[in-house]
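Q: Contents of target15.tsv (TSV, C-alpha atoms):
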```tsv
chain	number	residue	atom	x	y	z
G	288	ASP	CA	5.60	200.87	280.61
G	289	GLN	CA	4.38	198.09	278.34
G	290	GLN	CA	0.66	198.62	277.66
G	291	VAL	CA	0.35	195.45	275.60
G	292	LYS	CA	1.90	192.25	276.91
G	293	GLN	CA	2.53	188.86	275.45
G	294	ASN	CA	3.82	186.79	278.33
G	295	SER	CA	4.78	183.71	276.34
G	296	PRO	CA	7.90	184.33	274.26
G	297	SER	CA	7.54	181.00	272.48
G	298	LEU	CA	5.06	178.21	271.80
G	299	SER	CA	5.45	174.82	270.11
G	300	VAL	CA	2.48	172.92	268.72
G	301	GLN	CA	2.06	169.74	266.74
G	302	GLU	CA	0.77	170.10	263.19
G	303	GLY	CA	-3.01	169.75	263.05
G	304	ARG	CA	-3.53	170.80	266.67
G	305	ILE	CA	-4.78	174.14	267.96
G	306	SER	CA	-2.38	177.04	268.63
G	307	ILE	CA	-3.50	179.57	271.21
G	308	LEU	CA	-1.57	182.81	271.52
G	309	ASN	CA	-2.42	185.18	274.33
G	310	CYS	CA	-2.21	188.92	274.80
G	311	ASP	CA	-3.06	191.19	277.75
G	312	TYR	CA	-3.45	194.95	277.80
G	313	THR	CA	-3.66	197.56	280.52
G	314	ASN	CA	-5.22	200.60	278.85
G	315	SER	CA	-9.02	200.51	279.11
G	316	MET	CA	-9.24	203.07	276.29
G	317	PHE	CA	-8.04	200.54	273.73
G	318	ASP	CA	-10.90	199.65	271.41
G	319	TYR	CA	-9.30	198.11	268.33
G	320	PHE	CA	-6.97	195.13	268.32
G	321	LEU	CA	-4.87	193.50	265.66
G	322	TRP	CA	-2.69	190.45	265.21
G	323	TYR	CA	0.34	190.57	262.95
G	324	LYS	CA	2.48	187.69	261.74
G	325	LYS	CA	6.18	188.11	261.07
G	326	TYR	CA	8.55	185.83	259.20
G	327	PRO	CA	12.33	186.28	259.51
G	328	ALA	CA	13.78	189.06	257.34
G	329	GLU	CA	10.30	190.38	256.51
G	330	GLY	CA	8.07	193.05	257.94
G	331	PRO	CA	5.00	192.15	259.98
G	332	THR	CA	1.89	191.40	257.94
G	333	PHE	CA	-1.66	191.99	259.08
G	334	LEU	CA	-3.52	188.84	260.06
G	335	ILE	CA	-6.83	189.62	261.76
G	336	SER	CA	-8.48	192.37	263.78
G	337	ILE	CA	-11.29	192.83	266.26
G	338	SER	CA	-13.19	195.86	267.46
G	339	SER	CA	-14.24	196.23	271.07
G	340	ILE	CA	-17.90	195.99	270.08
G	341	LYS	CA	-17.33	192.32	269.29
G	342	ASP	CA	-16.00	189.44	271.33
G	343	LYS	CA	-15.04	187.17	268.46
G	344	ASN	CA	-13.88	187.46	264.87
G	345	GLU	CA	-13.13	184.58	262.52
G	346	ASP	CA	-11.19	184.40	259.29
G	347	GLY	CA	-10.66	180.90	258.02
G	348	ARG	CA	-8.37	179.03	260.40
G	349	PHE	CA	-7.80	182.13	262.52
G	350	THR	CA	-10.12	183.33	265.29
G	351	VAL	CA	-9.52	186.18	267.68
G	352	PHE	CA	-11.36	186.35	270.99
G	353	LEU	CA	-11.66	189.50	273.08
G	354	ASN	CA	-12.49	189.55	276.80
G	355	LYS	CA	-12.84	193.23	277.65
G	356	SER	CA	-13.47	192.73	281.35
G	357	ALA	CA	-10.23	190.77	281.65
G	358	LYS	CA	-8.39	193.04	279.17
G	359	HIS	CA	-7.33	189.91	277.35
G	360	LEU	CA	-7.34	188.71	273.78
G	361	SER	CA	-6.29	185.47	272.20
G	362	LEU	CA	-5.60	184.17	268.73
G	363	HIS	CA	-6.62	180.61	267.90
G	364	ILE	CA	-5.19	178.83	264.87
G	365	VAL	CA	-6.98	175.62	263.94
G	366	PRO	CA	-5.60	173.43	262.51
G	367	SER	CA	-2.02	174.60	262.85
G	368	GLN	CA	0.24	174.16	259.85
G	369	PRO	CA	4.04	174.30	259.54
G	370	GLY	CA	3.71	177.47	257.44
G	371	ASP	CA	2.17	179.15	260.50
G	372	SER	CA	5.59	179.06	262.20
G	373	ALA	CA	6.39	182.75	262.72
G	374	VAL	CA	6.45	185.46	265.37
G	375	TYR	CA	2.99	186.80	266.22
G	376	PHE	CA	2.47	190.31	267.56
G	377	CYS	CA	-0.70	191.65	269.04
G	378	ALA	CA	-1.36	195.37	268.83
G	379	ALA	CA	-3.95	197.72	270.27
G	380	SER	CA	-5.12	201.26	269.67
G	381	ALA	CA	-7.54	203.74	271.14
G	382	ASN	CA	-10.04	205.62	269.01
G	383	THR	CA	-8.57	208.88	270.20
G	384	GLY	CA	-4.97	207.76	269.74
G	385	ASN	CA	-2.48	208.05	266.92
G	386	GLN	CA	-0.65	204.79	267.09
G	387	PHE	CA	-0.83	201.09	267.66
G	388	TYR	CA	0.91	199.69	270.72
G	389	PHE	CA	2.57	196.37	270.14
G	390	GLY	CA	3.34	193.44	272.38
G	391	THR	CA	6.75	191.78	272.48
G	392	GLY	CA	5.73	188.89	270.25
G	393	THR	CA	5.29	185.12	270.59
G	394	SER	CA	7.36	182.81	268.42
G	395	LEU	CA	5.16	179.94	267.24
G	396	THR	CA	6.72	176.71	265.98
G	397	VAL	CA	4.45	174.16	264.36
G	398	ILE	CA	6.08	170.75	264.35
G	399	PRO	CA	5.31	168.55	261.33
E	24	GLU	CA	2.20	195.90	243.79
E	25	ALA	CA	1.08	197.83	246.87
E	26	GLN	CA	4.02	198.11	249.18
E	27	VAL	CA	6.18	200.03	251.60
E	28	THR	CA	9.81	200.17	250.51
E	29	GLN	CA	12.64	200.84	252.93
E	30	ASN	CA	16.28	201.33	252.10
E	31	PRO	CA	18.82	200.18	252.96
E	32	ARG	CA	17.97	196.73	254.34
E	33	TYR	CA	21.19	196.54	256.29
E	34	LEU	CA	23.51	199.31	257.47
E	35	ILE	CA	26.60	199.37	259.65
E	36	THR	CA	27.84	202.80	260.59
E	37	VAL	CA	30.06	204.55	263.12
E	38	THR	CA	29.00	206.70	266.03
E	39	GLY	CA	28.24	210.26	265.02
E	40	LYS	CA	28.01	209.78	261.25
E	41	LYS	CA	24.69	211.14	260.02
E	42	LEU	CA	22.49	208.72	258.15
E	43	THR	CA	19.07	208.57	256.53
E	44	VAL	CA	16.80	205.56	256.12
E	45	THR	CA	14.32	206.08	253.34
E	46	CYS	CA	10.70	204.92	253.29
E	47	SER	CA	8.31	205.16	250.39
E	48	GLN	CA	4.75	203.87	249.92
E	49	ASN	CA	2.74	203.62	246.69
E	50	MET	CA	-0.75	203.29	248.21
E	51	ASN	CA	-1.57	206.98	248.65
E	52	HIS	CA	-1.71	206.42	252.41
E	53	GLU	CA	-2.10	209.48	254.61
E	54	TYR	CA	-0.58	207.98	257.75
E	55	MET	CA	3.05	206.86	258.04
E	56	SER	CA	5.08	205.82	261.02
E	57	TRP	CA	8.48	204.55	262.13
E	58	TYR	CA	8.95	201.80	264.70
E	59	ARG	CA	11.99	200.15	266.17
E	60	GLN	CA	12.03	196.55	267.33
E	61	ASP	CA	14.30	195.49	270.17
E	62	PRO	CA	14.49	192.15	272.00
E	63	GLY	CA	12.07	192.01	274.92
E	64	LEU	CA	10.55	195.39	274.05
E	65	GLY	CA	8.45	194.66	270.98
E	66	LEU	CA	7.82	197.42	268.47
E	67	ARG	CA	7.98	200.96	269.77
E	68	GLN	CA	6.89	204.00	267.81
E	69	ILE	CA	9.52	206.63	267.05
E	70	TYR	CA	7.63	209.22	264.97
E	71	TYR	CA	4.46	209.35	262.96
E	72	SER	CA	2.89	211.56	260.32
E	73	MET	CA	-0.82	212.10	259.80
E	74	ASN	CA	-0.29	213.79	256.43
E	75	VAL	CA	2.10	215.95	254.44
E	76	GLU	CA	3.97	218.42	256.66
E	77	VAL	CA	2.30	216.97	259.79
E	78	THR	CA	4.62	214.94	262.01
E	79	ASP	CA	4.67	214.16	265.71
E	80	LYS	CA	6.68	212.23	268.26
E	81	GLY	CA	5.94	208.69	269.25
E	82	ASP	CA	7.20	207.00	272.40
E	83	VAL	CA	10.95	206.95	271.65
E	84	PRO	CA	11.78	210.00	269.49
E	85	GLU	CA	15.12	211.01	271.08
E	86	GLY	CA	17.96	211.03	268.58
E	87	TYR	CA	15.72	210.86	265.51
E	88	LYS	CA	14.23	213.29	263.04
E	89	VAL	CA	11.68	212.83	260.28
E	90	SER	CA	10.18	214.84	257.47
E	91	ARG	CA	7.08	214.47	255.31
E	92	LYS	CA	7.44	216.78	252.32
E	93	GLU	CA	5.54	214.46	250.00
E	94	LYS	CA	2.76	212.01	250.75
E	95	ARG	CA	4.66	208.95	249.61
E	96	ASN	CA	7.99	209.51	251.43
E	97	PHE	CA	8.82	209.51	255.13
E	98	PRO	CA	12.59	209.38	255.75
E	99	LEU	CA	14.08	208.68	259.17
E	100	ILE	CA	17.16	210.75	259.96
E	101	LEU	CA	19.76	210.01	262.62
E	102	GLU	CA	21.84	213.16	262.92
E	103	SER	CA	24.43	211.67	265.27
E	104	PRO	CA	23.86	207.92	265.68
E	105	SER	CA	24.88	206.22	268.90
E	106	PRO	CA	25.26	202.50	269.73
E	107	ASN	CA	21.94	202.47	271.60
E	108	GLN	CA	20.24	203.13	268.27
E	109	THR	CA	21.37	199.74	267.01
E	110	SER	CA	18.04	198.13	266.23
E	111	LEU	CA	15.65	196.79	263.61
E	112	TYR	CA	13.61	199.61	262.12
E	113	PHE	CA	10.25	199.34	260.39
E	114	CYS	CA	8.38	201.91	258.40
E	115	ALA	CA	4.61	201.47	258.23
E	116	SER	CA	1.72	203.20	256.51
E	117	SER	CA	-2.06	203.11	256.60
E	118	LEU	CA	-4.84	204.79	254.70
E	119	ARG	CA	-5.49	206.91	257.76
E	120	THR	CA	-4.82	206.78	261.48
E	121	GLY	CA	-6.48	203.90	263.32
E	122	LEU	CA	-6.45	201.45	260.43
E	123	ASP	CA	-4.14	198.47	260.12
E	124	TYR	CA	-0.62	199.10	258.93
E	125	THR	CA	1.31	197.88	255.93
E	126	PHE	CA	4.93	197.42	257.00
E	127	GLY	CA	8.16	197.65	255.08
E	128	SER	CA	10.65	194.79	255.19
E	129	GLY	CA	12.81	196.44	257.82
E	130	THR	CA	16.25	198.04	258.11
E	131	ARG	CA	18.78	196.45	260.43
E	132	LEU	CA	21.04	199.20	261.71
E	133	THR	CA	24.25	198.62	263.64
E	134	VAL	CA	26.07	201.60	265.14
E	135	VAL	CA	29.63	200.85	266.30
```
When written as structure tokens, how does the structure in this file appear?
A:
Amino acid sequence: DQQVKQNSPSLSVQEGRISILNCDYTNSMFDYFLWYKKYPAEGPTFLISISSIKDKNEDGRFTVFLNKSAKHLSLHIVPSQPGDSAVYFCAASANTGNQFYFGTGTSLTVIP
Amino acid sequence: EAQVTQNPRYLITVTGKKLTVTCSQNMNHEYMSWYRQDPGLGLRQIYYSMNVEVTDKGDVPEGYKVSRKEKRNFPLILESPSPNQTSLYFCASSLRTGLDYTFGSGTRLTVV
């Protein structure tokens, strides 16, 4: 059973606009969340994280928001650039756990 | 350069022929893990290792073996590969459990 879900397989956005990628989770024990970015023929690379004690974390153009009551997180990319075109995975872990659980990924295309 | 190195990148094999995918990291990370990525299923953990000589099953361990004799290496062994093990495999490591992973570039395995 998928504990981390990304319900949008793909997203297209115009360059310069905001990209919003969404992720839902079911396990209330999850307390640490990550976003990874993956280009074709490469492994995923770490993008940004958030702990459950926060509801927002920013790093340059990337901001992750966490809504614990809704078990939902989102990644905002502003402004979107063509180089942001990639597959984005969200992942979650519990403090007592030994792994990260990954979503199925959202393929973002930024149109120049 | 800090990295996780997997070999081979691509492999086509026949059912039942034993194979090993190697994984090596040069960051002195304690934690290592293997994931497989399949369409619509995201990344699923196969096995993980918290340290030398300490390994444990992830969510999809059937048909796989691992070993951790040295800190830097974590090979994935398929004793008798079957077509349902055709997948994209990623090795990952982190300083310790619960921290973000560094991924290898992936191994695309096809079992015919």
Q: I'd like the contact shell of His359 (chain G) - 10 Å cut-off, only C-alpha atoms, skipping same-chain residues fewer than 6 positions apart - returned as a list in words.
A: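 In the requested format, the answer is Val291, Lys292, Asn309, Cys310, Asp311, Tyr312, Thr313, Phe352 and Leu353 of chain G.
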Q: Residues of chain G within 6 Å of chain E, counting only C-alpha atoms, what are they? List them as a PyMOL selection string.
A: chain G and resi 329-330+389-391
Q: I'd like the neighbourhood of region 98-108 of chain E as number ranges by chain, where a residue qualifies if any of its atoms comes within 6 Å (using all atoms listed in the file), though same-chain residues fewer than 3 positions away should be ignored.
A: E: 38-46, 87-89, 134-135
Q: In Å to one decimal, how far is CA of Pro84 (chain E) from CA of Asn294 (chain G)?
A: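 About the pair CA of Asn294 (chain G) and CA of Pro84 (chain E): they are 26.1 Å apart.
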Q: Excluding Ser394 (chain G) and any residue of its chain fewer than 2 positions from it, enumerate the residues within 8 Å of it, using all atoms listed in the file, and give them as a JSON list (two decimals) with C-alpha atoms, in the frame of the given file.
A:
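That gives us out.json:
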```json
[["chain", "number", "residue", "atom", "x", "y", "z"],
["G", 296, "PRO", "CA", 7.90, 184.33, 274.26],
["G", 297, "SER", "CA", 7.54, 181.00, 272.48],
["G", 298, "LEU", "CA", 5.06, 178.21, 271.80],
["G", 372, "SER", "CA", 5.59, 179.06, 262.20],
["G", 373, "ALA", "CA", 6.39, 182.75, 262.72],
["G", 374, "VAL", "CA", 6.45, 185.46, 265.37],
["G", 375, "TYR", "CA", 2.99, 186.80, 266.22],
["G", 392, "GLY", "CA", 5.73, 188.89, 270.25],
["G", 396, "THR", "CA", 6.72, 176.71, 265.98]]
```
Q: Do you know which residues are at most 9 Å from Thr350 (chain G) counting only C-alpha atoms, after dropping those on the same chain fewer than 3 positions away, and could you put them as JSON, numbers by chain?
A: {"G": [335, 343, 344, 345, 346, 347, 361, 362, 363, 364, 365]}
Q: Show which residues sit within 6 Å of Ala378 (chain G), as a ChimeraX atom specification. Count all atoms listed in the file, and ignore same-chain residues fewer than 5 positions away.
A: /G:320-321,387-389
Q: Please give the centre and size of the box around region 348-352 of chain G (axis-aligned, containing every atom listed in the file, 5 Å added per side), with values in Å to one decimal and written as lines of an AutoDock Vina configuration file.
A:
```
center_x = -9.6
center_y = 182.7
center_z = 265.7
size_x = 13.6
size_y = 17.3
size_z = 20.6
```
Q: What does the structure give for the distance between CA of Lys92 (chain E) and CA of Leu111 (chain E), in Å to one decimal?
A: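 Atom-to-atom, CA of Lys92 (chain E) to CA of Leu111 (chain E), that is 24.4 Å.
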Q: Given the choices E:Ser117, E:Thr78, E:Gln48, E:Asn30, which gets closest to Arg91 (chain E) if the distance is worked out from only C-alpha atoms?
A: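 Ranked by minimum distance to Arg91 (chain E), first place goes to E:Thr78.
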Q: Please, what distance in Å, to one decimal, runs between CA of Ser336 (chain G) and CA of Tyr319 (chain G)?
A: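 If I compute the distance from CA of Ser336 (chain G) to CA of Tyr319 (chain G), I get 7.4 Å.
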